[in-house]
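Student: Take this structure, written in structure tokens, and hold onto it; I'll ask about it next.
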Amino acid sequence: MERKDFIEQVGLSGAAILIFGCTQGCSKSEGTTSNNNGNNNSTPVDFTIDISKTPYDALKTNGGFYVEPTTNVIVVKTSTSEIIAVSAICTHQQASITYQANNNRFYCAAHGSVFTTTGAVTTGPATTALKKYQTTLTGTLLRVFA
């Protein structure tokens with residue numbers, strides 16, 4: 001093999017390795033899975049908050065919501081005065097969702113997915129519903145649990 005051919009082969013092999021490494025770096029991370037419906041925390045959801053205290057007092061008003069950062073759960077007092085809780089992570093590509101009180105729905109700004117207050121998908125690209133959690137209100141104490 002001539003020197004020119006050897007350098008050409010080494011160069012092509014090196015380029016292939018670099019391209020493979022770059023494409024792997026741009027792929028979805030290993031820690032993100034889609035079968036957990038957005039709850040990327042292995043800890044079961046079961047927490048209690050006092051809606052009369054900050055930052056939870058937004059739940060005293062229709063349309064108010066609070067996102068629990070440790071469990072990725074969004075708690076909402078809907079426009080119909082019901083308190084609900086769903087995963088705050090979109091099932092499409094794990095972006096954060098928000099509650100749109102004027103439309104009484106959940107919305108993912110990253111790709112436009114829309115969910116009902118029951119977590120059902122109404123507009124994709126998401127195809128899987130949000131995980132919904134049970135809520136119990138006793139006085140001002142709200143328990144959210146699976």
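In the structure tokens, chains take letters A, B, ... by order of appearance, with residues numbered from 1 within each chain and ligands from 1 in the order shown.
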Give me the residues within 12 Å of A:Thr122 as number ranges by chain, counting only C-alpha atoms and dropping any in the same chain fewer than 3 places off.
Tutor: A: 105-108, 112-119, 125-130
Student: Include C-alpha atoms and write out the residues we just selected as a CSV table (one decimal), in the first residue's frame.
Tutor:
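Contents of again.csv, freshly written:
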chain,number,residue,atom,x,y,z
A,105,ARG,CA,-56.3,22.6,28.8
A,106,PHE,CA,-52.7,21.6,29.1
A,107,TYR,CA,-50.3,22.8,26.4
A,108,CYS,CA,-46.7,21.9,25.4
A,112,GLY,CA,-47.7,22.2,20.2
A,113,SER,CA,-49.3,19.1,21.8
A,114,VAL,CA,-52.6,19.8,23.6
A,115,PHE,CA,-54.1,17.7,26.4
A,116,THR,CA,-57.5,17.8,28.1
A,117,THR,CA,-57.8,18.2,31.9
A,118,THR,CA,-58.0,14.4,32.1
A,119,GLY,CA,-54.6,14.2,30.4
A,125,PRO,CA,-47.5,15.2,18.0
A,126,ALA,CA,-47.9,13.5,21.4
A,127,THR,CA,-49.8,10.2,21.2
A,128,THR,CA,-49.8,9.2,24.8
A,129,ALA,CA,-51.9,10.7,27.5
A,130,LEU,CA,-50.4,12.5,30.5
Student: How many Å lie between atom CA of A:Asn104 and atom CA of A:Val45, rounded to one decimal?
Tutor: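 If I compute the distance from atom CA of A:Asn104 to atom CA of A:Val45, I get 23.7 Å.
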Student: Which polymer residues have any atom within 7 Å of an atom of stretch 132-135 of chain A, counting only C-alpha atoms, with same-chain residues fewer than 4 positions away left out, as a ChimeraX atom specification?
Tutor: /A:84-87,118-119,142-146
Student: With distances taken over only C-alpha atoms, which residue among A:Thr91, A:Thr80, A:Thr136, A:Thr54 lies nearest A:Ala110?
Tutor: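 For A:Ala110, the nearest of the given residues is A:Thr91.
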Student: Hey, which of A:Ala88, A:Leu141, A:Val121, A:Ala109 ends up closest to A:Phe47? Count only C-alpha atoms.
Tutor: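 Between A:Ala88, A:Leu141, A:Val121, A:Ala109, the residue approaching A:Phe47 most closely is A:Leu141.
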Student: Taking into account only C-alpha atoms, which residue in the set A:Ile83, A:Leu137, A:Ala120, A:Val67 is nearest to A:Ser96?
Tutor: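 The closest residue to A:Ser96 is A:Val67.
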Student: Take atom CA of A:Asp50 and atom CA of A:Thr71 and report the distance between them in Å, one decimal.
Tutor: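 Calculated distance between atom CA of A:Asp50 and atom CA of A:Thr71 is 16.7 Å.
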Student: Using only C-alpha atoms, which of A:Lys131, A:Ile97, A:Pro69, A:Gly64 sits nearest A:Ile51?
Tutor: A:Gly64
Student: Calculated over only C-alpha atoms, which of the candidates A:Thr48, A:Thr140, A:Gln94, A:Asn102 has the smallest distance to A:Gly63?
Tutor: A:Asn102
Student: So that I can check the surroundings of A:Phe65, please list as a list in words every protein, DNA and RNA residue that reaches within 6 Å of it, counting only C-alpha atoms and ignoring chain neighbours fewer than 2 positions away.
Tutor: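 Everything that qualifies: Ala58, Leu59, Val75 and Val76 of chain A.
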Student: Could those selected residues go to a file with C-alpha atoms, as a compact mmCIF listing (two decimals), in the first residue's frame?
Tutor:
# COMPACT_ATOMS: atom_id res chain seq x y z
CA ALA A 58 -52.44 30.10 43.30
CA LEU A 59 -54.67 27.03 43.71
CA VAL A 75 -51.56 20.79 40.13
CA VAL A 76 -54.39 22.93 38.74
